[in-house]
file coords_12.txt (compact mmCIF, C-alpha atoms and all ligand atoms)
# COMPACT_ATOMS: atom_id res chain seq x y z
CA ALA A 21 -113.84 152.59 58.00
CA THR A 22 -111.08 153.40 60.45
CA TYR A 23 -107.59 152.32 59.50
CA LEU A 24 -105.61 150.92 62.43
CA ASP A 25 -103.03 148.89 60.52
CA HIS A 26 -100.16 151.31 59.89
CA ASN A 27 -97.51 148.69 60.62
CA ALA A 28 -98.73 146.73 57.59
CA THR A 29 -98.69 149.80 55.40
CA SER A 30 -99.37 153.45 56.09
CA PRO A 31 -101.57 155.58 53.81
CA LEU A 32 -99.74 157.87 51.42
CA ARG A 33 -98.89 161.16 53.15
CA PRO A 34 -100.10 164.36 51.45
CA ALA A 35 -96.52 165.51 50.84
CA ALA A 36 -95.64 162.15 49.29
CA ARG A 37 -98.73 162.29 47.10
CA SER A 38 -97.73 165.71 45.68
CA ALA A 39 -94.16 164.58 45.12
CA VAL A 40 -95.31 161.39 43.39
CA LEU A 41 -97.76 163.28 41.15
CA ALA A 42 -95.02 165.71 40.11
CA ALA A 43 -92.59 162.87 39.42
CA LEU A 44 -95.18 161.08 37.26
CA GLU A 45 -94.84 163.95 34.80
CA VAL A 46 -91.09 163.50 34.51
CA CYS A 47 -90.02 161.44 31.54
CA GLY A 48 -86.37 160.62 31.69
CA ASN A 49 -83.97 157.90 32.67
CA ALA A 50 -81.55 159.18 35.30
CA SER A 51 -78.74 157.51 33.34
CA SER A 52 -79.49 159.44 30.13
CA VAL A 53 -77.27 162.40 29.35
CA HIS A 54 -79.92 164.60 27.70
CA GLY A 55 -82.00 167.19 29.46
CA PHE A 56 -84.81 164.74 30.29
CA GLY A 57 -82.34 162.41 31.92
CA ARG A 58 -80.67 165.23 33.81
CA LYS A 59 -84.03 166.32 35.18
CA ALA A 60 -84.66 162.79 36.52
CA ARG A 61 -81.11 162.64 37.87
CA GLY A 62 -81.62 165.93 39.69
CA LEU A 63 -84.78 164.68 41.43
CA LEU A 64 -83.08 161.42 42.31
CA ASP A 65 -80.01 163.16 43.74
CA ASP A 66 -82.13 165.53 45.82
CA ALA A 67 -84.19 162.66 47.24
CA ARG A 68 -81.04 160.70 48.02
CA GLN A 69 -79.44 163.65 49.78
CA ASP A 70 -82.53 164.36 51.86
CA LEU A 71 -82.94 160.72 52.90
CA ALA A 72 -79.23 160.46 53.74
CA HIS A 73 -79.45 163.58 55.86
CA LEU A 74 -82.67 162.46 57.61
CA PHE A 75 -81.25 159.05 58.48
CA GLY A 76 -77.76 160.17 59.50
CA ALA A 77 -75.84 158.68 56.57
CA GLY A 78 -73.77 159.85 53.64
CA SER A 79 -75.62 159.87 50.31
CA GLY A 80 -73.04 157.45 48.85
CA GLN A 81 -74.05 154.94 51.51
CA LEU A 82 -77.64 154.66 50.26
CA VAL A 83 -78.73 151.90 47.90
CA PHE A 84 -82.34 152.08 46.70
CA THR A 85 -84.13 148.75 46.49
CA SER A 86 -87.61 147.43 45.69
CA GLY A 87 -88.45 147.44 49.39
CA ALA A 88 -87.15 146.28 52.72
CA THR A 89 -87.56 142.64 51.72
CA GLU A 90 -84.91 143.12 49.04
CA ALA A 91 -82.77 145.26 51.34
CA ASN A 92 -82.85 142.51 53.96
CA ASN A 93 -82.05 139.81 51.38
CA GLN A 94 -79.20 141.95 50.05
CA ALA A 95 -77.82 142.66 53.53
CA LEU A 96 -77.39 138.95 54.23
CA LEU A 97 -75.18 138.61 51.14
CA THR A 98 -72.62 140.85 52.83
CA ALA A 99 -71.86 138.18 55.41
CA LYS A 100 -68.94 136.27 53.99
CA GLN A 101 -67.20 133.75 56.20
CA GLY A 102 -69.01 132.48 59.26
CA PRO A 103 -72.51 131.93 60.60
CA ILE A 104 -75.28 134.51 60.54
CA LEU A 105 -77.15 135.21 63.78
CA LEU A 106 -80.77 136.38 63.45
CA SER A 107 -83.08 137.23 66.30
CA ALA A 108 -86.16 135.04 66.59
CA GLY A 109 -88.34 138.11 66.14
CA GLU A 110 -87.01 139.11 62.72
CA HIS A 111 -89.23 139.57 59.70
CA ASP A 112 -89.64 136.64 57.31
CA SER A 113 -87.57 138.47 54.70
CA LEU A 114 -84.61 137.59 56.93
CA LEU A 115 -85.73 134.37 58.60
CA GLN A 116 -86.95 132.75 55.38
CA SER A 117 -83.95 133.78 53.30
CA CYS A 118 -81.26 132.29 55.51
CA ALA A 119 -81.98 128.63 56.16
CA ASP A 120 -78.88 127.95 58.23
CA ALA A 121 -79.01 131.02 60.45
CA GLU A 122 -78.47 130.61 64.18
CA ILE A 123 -81.39 132.06 66.11
CA ILE A 124 -80.94 134.50 68.98
CA PRO A 125 -83.78 133.77 71.42
CA LEU A 126 -86.11 136.43 72.80
CA CYS A 127 -86.88 136.97 76.46
CA GLU A 128 -90.47 136.91 77.70
CA ASN A 129 -90.73 140.68 77.36
CA GLY A 130 -89.75 140.53 73.69
CA LEU A 131 -86.16 141.76 74.01
CA VAL A 132 -83.32 139.74 72.52
CA ASP A 133 -81.54 137.59 75.06
CA LEU A 134 -78.27 139.51 75.45
CA GLU A 135 -76.80 136.91 77.79
CA TRP A 136 -77.34 134.21 75.18
CA LEU A 137 -75.77 136.48 72.56
CA ALA A 138 -72.72 137.24 74.71
CA ALA A 139 -72.22 133.55 75.45
CA ARG A 140 -72.56 132.62 71.78
CA LEU A 141 -70.13 135.32 70.68
CA SER A 142 -67.51 134.04 73.10
CA ARG A 143 -67.54 130.70 71.24
CA LYS A 144 -66.24 129.68 67.81
CA PRO A 145 -67.00 129.81 64.98
CA THR A 146 -67.21 133.58 65.18
CA PRO A 147 -70.33 134.83 63.39
CA ALA A 148 -69.90 136.87 60.23
CA MET A 149 -73.04 138.87 60.93
CA VAL A 150 -75.57 139.61 63.64
CA SER A 151 -78.94 140.90 62.50
CA VAL A 152 -81.36 142.40 65.03
CA MET A 153 -84.29 144.67 64.20
CA LEU A 154 -84.68 148.00 65.95
CA VAL A 155 -88.48 147.81 66.40
CA ASN A 156 -90.63 144.72 66.10
CA ASN A 157 -93.54 145.00 63.66
CA GLU A 158 -95.96 142.96 65.79
CA THR A 159 -95.26 144.14 69.33
CA GLY A 160 -93.51 147.49 68.82
CA VAL A 161 -90.75 146.37 71.21
CA VAL A 162 -87.54 148.40 70.82
CA GLN A 163 -84.39 146.30 70.89
CA PRO A 164 -81.21 147.34 72.75
CA LEU A 165 -79.22 147.89 69.56
CA GLU A 166 -76.35 149.65 71.35
CA ASP A 167 -75.69 146.52 73.37
CA VAL A 168 -76.00 144.27 70.33
CA VAL A 169 -73.54 146.45 68.39
CA ALA A 170 -71.03 146.53 71.26
CA LEU A 171 -71.15 142.75 71.65
CA ALA A 172 -70.90 142.03 67.92
CA LYS A 173 -68.10 144.54 67.36
CA SER A 174 -66.06 142.99 70.16
CA VAL A 175 -65.65 139.88 68.01
CA GLY A 176 -65.54 141.68 64.65
CA ALA A 177 -68.97 140.58 63.40
CA LEU A 178 -70.94 142.80 61.04
CA VAL A 179 -74.23 144.17 62.33
CA HIS A 180 -77.35 144.53 60.21
CA CYS A 181 -80.45 146.25 61.52
CA ASP A 182 -83.95 146.10 60.04
CA ALA A 183 -85.16 149.56 61.06
CA VAL A 184 -88.35 149.48 58.96
CA GLN A 185 -90.68 149.94 61.93
CA ALA A 186 -88.46 152.48 63.69
CA ALA A 187 -88.53 155.11 60.96
CA GLY A 188 -90.87 157.96 61.78
CA LYS A 189 -91.27 156.66 65.33
CA LEU A 190 -87.79 156.92 66.86
CA ARG A 191 -84.86 159.19 66.17
CA LEU A 192 -82.91 157.18 63.66
CA SER A 193 -79.28 157.85 62.77
CA PHE A 194 -77.26 155.30 60.86
CA SER A 195 -73.94 156.74 61.98
CA GLU A 196 -74.95 156.97 65.64
CA LEU A 197 -76.35 153.46 65.73
CA GLY A 198 -72.97 152.19 64.60
CA VAL A 199 -74.37 149.35 62.52
CA ASP A 200 -72.85 148.27 59.21
CA LEU A 201 -76.11 147.85 57.33
CA LEU A 202 -79.61 149.23 57.85
CA SER A 203 -82.87 148.46 56.00
CA LEU A 204 -85.79 150.86 55.50
CA SER A 205 -89.08 150.82 53.62
CA ALA A 206 -91.02 153.76 52.14
CA HIS A 207 -94.55 152.47 52.61
CA LYS A 208 -94.32 152.11 56.37
CA ILE A 209 -93.88 155.87 56.77
CA GLY A 210 -96.46 157.06 54.26
CA GLY A 211 -94.47 156.72 51.07
CA PRO A 212 -95.35 154.37 48.20
CA ALA A 213 -94.88 150.60 48.47
CA GLY A 214 -92.20 148.99 46.32
CA CYS A 215 -89.36 151.25 47.38
CA GLY A 216 -86.79 150.68 50.10
CA LEU A 217 -83.27 151.46 51.17
CA LEU A 218 -80.23 149.58 52.28
CA ILE A 219 -77.76 151.90 53.98
CA GLN A 220 -74.25 150.49 54.00
CA ARG A 221 -71.08 151.47 55.79
CA ASP A 222 -68.27 152.49 53.41
CA GLY A 223 -65.78 149.83 52.47
CA LEU A 224 -68.04 146.79 52.77
CA SER A 225 -67.51 144.15 50.13
CA VAL A 226 -70.93 143.89 48.53
CA THR A 227 -72.21 141.08 46.31
CA PRO A 228 -75.16 142.51 44.39
CA LEU A 229 -78.41 140.57 44.52
CA VAL A 230 -79.87 142.28 41.44
CA ARG A 231 -77.33 142.34 38.62
CA GLY A 232 -77.19 144.11 35.29
CA GLY A 233 -76.52 147.80 34.72
CA GLY A 234 -74.24 149.95 36.83
CA GLN A 235 -76.91 151.86 38.78
CA GLU A 236 -76.51 152.60 42.48
CA ARG A 237 -72.72 152.54 42.12
CA ARG A 238 -72.85 148.97 40.80
CA ARG A 239 -74.55 147.78 43.96
CA ARG A 240 -78.10 147.38 42.58
CA ALA A 241 -78.92 147.18 38.89
CA GLY A 242 -82.08 148.45 37.22
CA THR A 243 -83.52 151.82 36.26
CA GLU A 244 -84.27 153.70 39.47
CA ASN A 245 -87.86 153.81 40.73
CA LEU A 246 -87.96 157.60 40.59
CA ILE A 247 -91.62 157.88 41.60
CA GLY A 248 -91.11 155.66 44.62
CA ILE A 249 -87.87 157.32 45.66
CA VAL A 250 -89.21 160.85 45.40
CA GLY A 251 -92.30 159.81 47.38
CA PHE A 252 -90.11 158.11 49.97
CA ALA A 253 -88.06 161.28 50.52
CA ALA A 254 -91.16 163.49 50.83
CA ALA A 255 -92.76 161.06 53.29
CA ALA A 256 -89.56 160.86 55.33
CA ARG A 257 -89.26 164.64 55.54
CA GLU A 258 -92.84 165.01 56.74
CA ALA A 259 -92.57 162.06 59.13
CA GLU A 260 -89.43 163.39 60.75
CA GLN A 261 -90.75 166.92 61.06
CA GLY A 262 -93.79 165.86 63.05
CA ARG A 263 -92.30 162.83 64.71
CA GLN A 264 -92.03 163.88 68.34
CA ASP A 265 -95.45 165.51 68.47
CA ALA A 266 -97.06 162.57 66.73
CA MET A 267 -95.50 160.03 69.07
CA ASP A 268 -96.48 162.03 72.18
CA ARG A 269 -100.05 162.14 70.89
CA LEU A 270 -100.22 158.46 69.93
CA GLY A 271 -98.53 157.40 73.15
CA ALA A 272 -101.16 159.15 75.27
CA TRP A 273 -104.02 157.60 73.26
CA ARG A 274 -102.47 154.17 73.53
CA GLN A 275 -101.93 154.43 77.27
CA ALA A 276 -105.57 155.36 77.81
CA PHE A 277 -106.67 152.49 75.56
CA GLU A 278 -104.52 149.87 77.26
CA ASP A 279 -105.57 151.02 80.73
CA ALA A 280 -109.22 150.77 79.69
CA VAL A 281 -108.80 147.35 78.05
CA LEU A 282 -107.14 145.88 81.10
CA ALA A 283 -109.77 147.38 83.40
CA GLU A 284 -112.75 146.16 81.37
CA ALA A 285 -111.43 142.89 79.94
CA PRO A 286 -109.58 141.28 82.83
CA GLU A 287 -108.33 138.36 80.73
CA ALA A 288 -106.73 140.60 78.12
CA VAL A 289 -102.96 140.66 77.72
CA ILE A 290 -100.79 143.36 76.16
CA TYR A 291 -97.75 141.64 74.70
CA GLY A 292 -94.43 143.44 74.98
CA ASP A 293 -95.56 145.87 77.65
CA GLY A 294 -92.69 144.83 79.89
CA ALA A 295 -90.15 146.33 77.48
CA PRO A 296 -89.62 149.70 75.83
CA ARG A 297 -92.08 150.03 72.94
CA VAL A 298 -92.78 152.55 70.20
CA ALA A 299 -95.92 154.57 70.84
CA ASN A 300 -98.09 153.43 67.92
CA THR A 301 -98.36 149.66 68.37
CA ILE A 302 -100.69 147.56 70.51
CA CYS A 303 -100.46 143.77 70.51
CA LEU A 304 -103.61 142.61 72.28
CA GLY A 305 -104.45 139.03 73.18
CA VAL A 306 -107.46 137.47 74.80
CA PRO A 307 -108.17 133.77 75.33
CA ARG A 308 -110.93 132.02 73.37
CA LEU A 309 -111.12 134.61 70.62
CA PRO A 310 -109.10 133.54 67.58
CA ALA A 311 -107.34 136.48 65.96
CA GLU A 312 -109.11 135.83 62.63
CA THR A 313 -112.50 136.06 64.35
CA GLN A 314 -111.53 139.36 65.92
CA VAL A 315 -110.14 140.78 62.70
CA MET A 316 -113.28 139.84 60.75
CA ALA A 317 -115.68 141.08 63.42
CA MET A 318 -113.79 144.36 63.68
CA ASP A 319 -113.77 144.69 59.89
CA LEU A 320 -117.56 144.36 59.91
CA ALA A 321 -117.69 146.98 62.63
CA GLY A 322 -115.59 149.32 60.47
CA PHE A 323 -112.07 148.91 61.84
CA ALA A 324 -109.01 147.59 60.04
CA VAL A 325 -106.61 145.73 62.32
CA SER A 326 -104.49 142.66 61.75
CA ALA A 327 -103.85 139.21 63.15
CA GLY A 328 -100.18 139.13 63.99
CA SER A 329 -98.23 140.51 61.08
CA ALA A 330 -99.96 141.12 57.75
CA CYS A 331 -97.47 138.90 56.01
CA SER A 332 -98.51 135.95 58.16
CA SER A 333 -102.25 136.57 58.15
CA GLY A 334 -103.98 134.34 55.66
CA LYS A 335 -102.10 131.43 57.12
CA VAL A 336 -103.39 130.35 60.51
CA THR A 337 -100.04 129.69 62.19
CA PRO A 338 -99.59 131.72 65.35
CA SER A 339 -97.09 134.57 65.29
CA HIS A 340 -93.48 133.38 65.43
CA VAL A 341 -92.65 136.52 67.41
CA LEU A 342 -95.09 135.75 70.20
CA ARG A 343 -94.08 132.08 70.16
CA ALA A 344 -90.45 133.18 70.61
CA MET A 345 -91.57 135.22 73.64
CA GLY A 346 -92.84 132.01 75.18
CA VAL A 347 -96.53 132.62 74.47
CA GLU A 348 -98.46 129.34 74.07
CA PRO A 349 -99.72 128.59 70.53
CA ASP A 350 -103.42 129.07 71.39
CA ALA A 351 -102.78 132.37 73.10
CA ALA A 352 -100.51 133.54 70.29
CA ALA A 353 -103.25 132.68 67.78
CA SER A 354 -105.67 134.98 69.58
CA ALA A 355 -103.52 138.12 69.46
CA ILE A 356 -104.34 141.05 67.23
CA ARG A 357 -102.26 144.05 66.30
CA ILE A 358 -103.61 147.57 66.36
CA SER A 359 -101.21 150.10 64.90
CA LEU A 360 -101.72 153.87 64.70
CA GLY A 361 -100.14 156.37 62.35
CA TRP A 362 -100.01 159.85 60.94
CA ASN A 363 -103.73 160.18 60.18
CA SER A 364 -105.05 158.54 63.36
CA GLN A 365 -107.57 160.55 65.36
CA ALA A 366 -108.23 160.89 69.09
CA GLU A 367 -111.57 159.09 68.83
CA ASP A 368 -110.27 156.08 66.86
CA LEU A 369 -109.20 153.94 69.82
CA PRO A 370 -112.16 154.75 72.10
CA ARG A 371 -114.54 153.81 69.24
CA PHE A 372 -112.55 150.66 68.50
CA LEU A 373 -112.59 149.72 72.18
CA LYS A 374 -116.37 149.95 72.31
CA ALA A 375 -116.75 147.63 69.31
CA TRP A 376 -114.10 145.23 70.58
CA LEU A 377 -115.61 145.04 74.08
CA ALA A 378 -118.97 144.13 72.56
CA LEU A 379 -117.30 141.17 70.85
CA TYR A 380 -115.43 140.29 74.01
CA ASP A 381 -118.62 140.32 76.09
CA ARG A 382 -120.42 138.12 73.54
CA SER A 383 -117.59 135.58 73.71
CA ARG A 384 -117.69 135.61 77.51
CA ALA A 385 -121.41 135.05 77.49
CA ALA A 386 -121.00 132.16 75.03
CA ALA A 387 -118.21 130.51 77.03
N1 LIG B 1 -89.15 144.26 57.91
C1 LIG B 1 -90.16 144.58 58.74
C2 LIG B 1 -89.90 144.69 60.20
C3 LIG B 1 -91.43 144.80 58.22
O1 LIG B 1 -92.44 145.11 59.05
C4 LIG B 1 -91.64 144.68 56.82
C5 LIG B 1 -93.02 144.90 56.22
N2 LIG B 1 -93.99 143.93 56.64
C6 LIG B 1 -90.56 144.35 56.00
C7 LIG B 1 -89.33 144.15 56.58
C8 LIG B 1 -90.71 144.20 54.51
O2 LIG B 1 -90.79 145.46 53.90
P1 LIG B 1 -91.31 145.60 52.40
O3 LIG B 1 -92.80 145.50 52.47
O4 LIG B 1 -90.85 146.97 51.98
O5 LIG B 1 -90.68 144.55 51.59
call {"tool": "encode", "arguments": {"input": "coords_12.txt", "output": "C-alpha cells"}}
result
Amino acid sequence: ATYLDHNATSPLRPAARSAVLAALEVCGNASSVHGFGRKARGLLDDARQDLAHLFGAGSGQLVFTSGATEANNQALLTAKQGPILLSAGEHDSLLQSCADAEIIPLCENGLVDLEWLAARLSRKPTPAMVSVMLVNNETGVVQPLEDVVALAKSVGALVHCDAVQAAGKLRLSFSELGVDLLSLSAHKIGGPAGCGLLIQRDGLSVTPLVRGGGQERRRRAGTENLIGIVGFAAAAREAEQGRQDAMDRLGAWRQAFEDAVLAEAPEAVIYGDGAPRVANTICLGVPRLPAETQVMAMDLAGFAVSAGSACSSGKVTPSHVLRAMGVEPDAAASAIRISLGWNSQAEDLPRFLKAWLALYDRSRAAA
C-alpha cells in the first residue's frame, strides 16, 4: 500500500531507526552519576544540542515532552493574567485544553484574520497569550507569524506557536520567529511517536504540568525518553539536510496533481489554495462523496489518506478547520487530506489520482 498520510505520522527515517536501535542498547538513567548514567547523559546532551542548533534555539531553552500535545498543554500554563487567544484552526491539544479561550477567526483562505486580531488587541482586557500555529495540519496553510508576533508584542502578550507541521517543511528558527514558546513533535518528521519539544524563551515563569523529579531544569519531571529523543534528533538532522530538495520535489508533484484533479473533476475543490501552503499537503473536497467513503475506498485500492485530521477521524463531525474557513458542513465532511513525505515517490500521486477518479466517476454516474 502507498502511504499518503505523513501529516498524521511519518514513517521512521532510516537515520532515526539506527539512532533508536543504538540507544536501545544503552542502559542508564541520565541522572545517575555512574558510567552508565554518564553514557545516557552524553547521548541526551548531544541530541539536545543538535535539536537546539537545528531549530535556532539555545539548548537550555529546550524542554522534552511526551509529544506536542503535552508541549501545547504546557505552553498554555505559561499564560498568567489575562485571556488566551487561540486561532480557530489550532489543534485540539490547544482548543480542547483551554475552555475559556477567545477564538481568532480564520479568513476564507485559511489565514488568521489579522484585522480581527488587531482590533481585539486594541481592547481590554489585554490577552496574556496569543497562540497561532505556523502550518495547519489539514490544509498546509502557512500563517503570517511575523504579523501575529508584531501585533501581540505591541501589547505585551506572550506568543506561542505550534510548529509541529512546519518542521522539515519550512526553515524554522525559534529566535528568528520571535515567539516566546514553540511546540514540536518527533513523529511528524520521521522520528518516533511519544516525544516532543517545548522551546521556551529565557526568563519565562513556568508552571510545570508534569511534576516530580528535577529533570529538564525542573520544568518537566520524569526520566527522559532517551530512545525517543535520540531518534528525534537523528530525524531532525536528516529532515533539515534534505529539506529544500524534498520540498521542491513534492511541490512539483502536488502542482501536477492539483492541476489534473481540477481539470478532470470539475466539482473538486482544493482548500487553502488561496494562501501560502507547505508543499506536501493537499486538502481535497468533492460534493456527494463523504470523506469516510473516500478514505475506505482508497484504502481498498491501496492508498492511505485521511478524512480531515487523523485525530478527528473516527468521529463523523466535519473538520473544525474547514468550518472556520466558512466551508459548509456537508462540504467539509467530504474533504480528504493527502499528505506526502520523505519516502513519497513520483508515481504515488498519479496512481492515487487514477484510483480516486474511478471513484469520482462512479459517484457521478450514481448521482
Ligand atoms: N499539533 C499539530 C498541528 C498536530 O498536527 C499534532 C499531531 N496530530 C499535534 C499538535 C499533536 O502532536 P503529538 O501527536 O506529538 O501529541
call {"tool": "closest_residue", "arguments": {"input": "coords_12.txt", "among": "A:Ala327, A:Met153, A:Ala344, A:Leu82", "to": "ligand LIG 1 (chain B)", "atoms": "only C-alpha atoms and all ligand atoms"}}
result
A:Met153
call {"tool": "residues_around", "arguments": {"input": "coords_12.txt", "residues": "Asp120 of chain A", "least_positions_apart": "2", "cutoff": "8 Å", "atoms": "all atoms listed in the file", "output": "PyMOL selection string"}}
result
chain A and resi 103-104+118+122
call {"tool": "residues_near_point", "arguments": {"input": "coords_12.txt", "point": "(-104.4, 152.8, 55.7)", "cutoff": "10 Å", "atoms": "only C-alpha atoms", "output": "number ranges by chain"}}
result
A: 21-32, 210, 324-325, 360-364
call {"tool": "residues_around", "arguments": {"input": "coords_12.txt", "residues": "Leu64 of chain A", "least_positions_apart": "2", "cutoff": "9 Å", "atoms": "only C-alpha atoms", "output": "PyMOL selection string"}}
result
chain A and resi 50+59-62+66-69+244+246+249-250
call {"tool": "residues_near_point", "arguments": {"input": "coords_12.txt", "point": "(-69.1, 148.3, 52.5)", "cutoff": "9 Å", "atoms": "all atoms listed in the file", "output": "number ranges by chain"}}
result
A: 81, 98, 200-201, 220-226
call {"tool": "write_last_selection", "arguments": {"input": "coords_12.txt", "atoms": "C-alpha atoms", "output": "CSV table (one decimal), in the coordinates of the input"}}
result
chain,number,residue,atom,x,y,z
A,81,GLN,CA,-74.0,154.9,51.5
A,98,THR,CA,-72.6,140.8,52.8
A,200,ASP,CA,-72.8,148.3,59.2
A,201,LEU,CA,-76.1,147.8,57.3
A,220,GLN,CA,-74.2,150.5,54.0
A,221,ARG,CA,-71.1,151.5,55.8
A,222,ASP,CA,-68.3,152.5,53.4
A,223,GLY,CA,-65.8,149.8,52.5
A,224,LEU,CA,-68.0,146.8,52.8
A,225,SER,CA,-67.5,144.2,50.1
A,226,VAL,CA,-70.9,143.9,48.5
call {"tool": "residues_around", "arguments": {"input": "coords_12.txt", "residues": "Arg140 of chain A", "least_positions_apart": "6", "cutoff": "12 Å", "atoms": "only C-alpha atoms", "output": "list in words"}}
result
Pro103, Ile104, Leu105, Glu122, Ile123, Ile124, Pro125, Asp133, Leu134, Thr146, Pro147, Val150, Leu171, Ala172 and Val175 of chain A
call {"tool": "residues_near_ligand", "arguments": {"input": "coords_12.txt", "ligand": "ligand LIG 1 (chain B)", "cutoff": "7 Å", "atoms": "all atoms listed in the file", "output": "PyMOL selection string"}}
result
chain A and resi 27-28+87-90+110-111+113+153+156-157+182-185+205-207+213-216+330-331
call {"tool": "residues_around", "arguments": {"input": "coords_12.txt", "residues": "segment 264-281 of chain A", "least_positions_apart": "6", "cutoff": "9 Å", "atoms": "all atoms listed in the file", "output": "count of residues only"}}
result
24
call {"tool": "closest_residue", "arguments": {"input": "coords_12.txt", "among": "A:Val132, A:Ile358, A:Val179, A:Leu137", "to": "Met149 of chain A", "atoms": "only C-alpha atoms"}}
result
A:Val179
call {"tool": "atom_distance", "arguments": {"input": "coords_12.txt", "atom1": "atom CA of Glu258 of chain A", "atom2": "atom CA of Glu236 of chain A"}}
result
25.0 Å
call {"tool": "build_atoms", "arguments": {"input": "coords_12.txt", "residues": "segment 240-262 of chain A", "atoms": "N, CA and C atoms", "output": "PDB file, in the frame of the given file"}}
result
ATOM      1  N   ARG A 240     -76.728 147.848  42.819  1.00  0.00           N
ATOM      2  CA  ARG A 240     -78.100 147.380  42.580  1.00  0.00           C
ATOM      3  C   ARG A 240     -78.520 147.834  41.188  1.00  0.00           C
ATOM      4  N   ALA A 241     -78.636 146.858  40.288  1.00  0.00           N
ATOM      5  CA  ALA A 241     -78.920 147.180  38.890  1.00  0.00           C
ATOM      6  C   ALA A 241     -80.408 147.485  38.688  1.00  0.00           C
ATOM      7  N   GLY A 242     -80.698 148.147  37.586  1.00  0.00           N
ATOM      8  CA  GLY A 242     -82.080 148.450  37.220  1.00  0.00           C
ATOM      9  C   GLY A 242     -82.359 149.940  37.259  1.00  0.00           C
ATOM     10  N   THR A 243     -83.149 150.407  36.290  1.00  0.00           N
ATOM     11  CA  THR A 243     -83.520 151.820  36.260  1.00  0.00           C
ATOM     12  C   THR A 243     -84.200 152.200  37.564  1.00  0.00           C
ATOM     13  N   GLU A 244     -83.784 153.299  38.153  1.00  0.00           N
ATOM     14  CA  GLU A 244     -84.270 153.700  39.470  1.00  0.00           C
ATOM     15  C   GLU A 244     -85.774 153.956  39.459  1.00  0.00           C
ATOM     16  N   ASN A 245     -86.428 153.576  40.539  1.00  0.00           N
ATOM     17  CA  ASN A 245     -87.860 153.810  40.730  1.00  0.00           C
ATOM     18  C   ASN A 245     -88.042 155.258  41.202  1.00  0.00           C
ATOM     19  N   LEU A 246     -87.965 156.175  40.251  1.00  0.00           N
ATOM     20  CA  LEU A 246     -87.960 157.600  40.590  1.00  0.00           C
ATOM     21  C   LEU A 246     -89.204 158.011  41.379  1.00  0.00           C
ATOM     22  N   ILE A 247     -90.358 157.516  40.946  1.00  0.00           N
ATOM     23  CA  ILE A 247     -91.620 157.880  41.600  1.00  0.00           C
ATOM     24  C   ILE A 247     -91.593 157.426  43.066  1.00  0.00           C
ATOM     25  N   GLY A 248     -91.178 156.191  43.264  1.00  0.00           N
ATOM     26  CA  GLY A 248     -91.110 155.660  44.620  1.00  0.00           C
ATOM     27  C   GLY A 248     -90.103 156.415  45.482  1.00  0.00           C
ATOM     28  N   ILE A 249     -88.954 156.691  44.894  1.00  0.00           N
ATOM     29  CA  ILE A 249     -87.870 157.320  45.660  1.00  0.00           C
ATOM     30  C   ILE A 249     -88.231 158.748  46.061  1.00  0.00           C
ATOM     31  N   VAL A 250     -88.817 159.474  45.125  1.00  0.00           N
ATOM     32  CA  VAL A 250     -89.210 160.850  45.400  1.00  0.00           C
ATOM     33  C   VAL A 250     -90.325 160.875  46.464  1.00  0.00           C
ATOM     34  N   GLY A 251     -91.245 159.908  46.370  1.00  0.00           N
ATOM     35  CA  GLY A 251     -92.300 159.810  47.380  1.00  0.00           C
ATOM     36  C   GLY A 251     -91.752 159.410  48.736  1.00  0.00           C
ATOM     37  N   PHE A 252     -90.788 158.552  48.738  1.00  0.00           N
ATOM     38  CA  PHE A 252     -90.110 158.110  49.970  1.00  0.00           C
ATOM     39  C   PHE A 252     -89.494 159.318  50.681  1.00  0.00           C
ATOM     40  N   ALA A 253     -88.749 160.129  49.918  1.00  0.00           N
ATOM     41  CA  ALA A 253     -88.060 161.280  50.520  1.00  0.00           C
ATOM     42  C   ALA A 253     -89.070 162.274  51.086  1.00  0.00           C
ATOM     43  N   ALA A 254     -90.148 162.523  50.339  1.00  0.00           N
ATOM     44  CA  ALA A 254     -91.160 163.490  50.830  1.00  0.00           C
ATOM     45  C   ALA A 254     -91.821 162.958  52.093  1.00  0.00           C
ATOM     46  N   ALA A 255     -92.130 161.658  52.106  1.00  0.00           N
ATOM     47  CA  ALA A 255     -92.760 161.060  53.290  1.00  0.00           C
ATOM     48  C   ALA A 255     -91.808 161.134  54.485  1.00  0.00           C
ATOM     49  N   ALA A 256     -90.541 160.859  54.237  1.00  0.00           N
ATOM     50  CA  ALA A 256     -89.560 160.860  55.330  1.00  0.00           C
ATOM     51  C   ALA A 256     -89.391 162.257  55.921  1.00  0.00           C
ATOM     52  N   ARG A 257     -89.377 163.258  55.050  1.00  0.00           N
ATOM     53  CA  ARG A 257     -89.260 164.640  55.540  1.00  0.00           C
ATOM     54  C   ARG A 257     -90.427 164.975  56.452  1.00  0.00           C
ATOM     55  N   GLU A 258     -91.639 164.677  55.971  1.00  0.00           N
ATOM     56  CA  GLU A 258     -92.840 165.010  56.740  1.00  0.00           C
ATOM     57  C   GLU A 258     -92.890 164.204  58.041  1.00  0.00           C
ATOM     58  N   ALA A 259     -92.527 162.930  57.948  1.00  0.00           N
ATOM     59  CA  ALA A 259     -92.570 162.060  59.130  1.00  0.00           C
ATOM     60  C   ALA A 259     -91.610 162.575  60.198  1.00  0.00           C
ATOM     61  N   GLU A 260     -90.435 162.966  59.787  1.00  0.00           N
ATOM     62  CA  GLU A 260     -89.430 163.390  60.750  1.00  0.00           C
ATOM     63  C   GLU A 260     -89.803 164.734  61.385  1.00  0.00           C
ATOM     64  N   GLN A 261     -90.359 165.608  60.559  1.00  0.00           N
ATOM     65  CA  GLN A 261     -90.750 166.920  61.060  1.00  0.00           C
ATOM     66  C   GLN A 261     -91.753 166.822  62.213  1.00  0.00           C
ATOM     67  N   GLY A 262     -92.732 165.936  62.040  1.00  0.00           N
ATOM     68  CA  GLY A 262     -93.790 165.860  63.050  1.00  0.00           C
ATOM     69  C   GLY A 262     -93.614 164.722  64.020  1.00  0.00           C
TER      70      GLY A 262
END
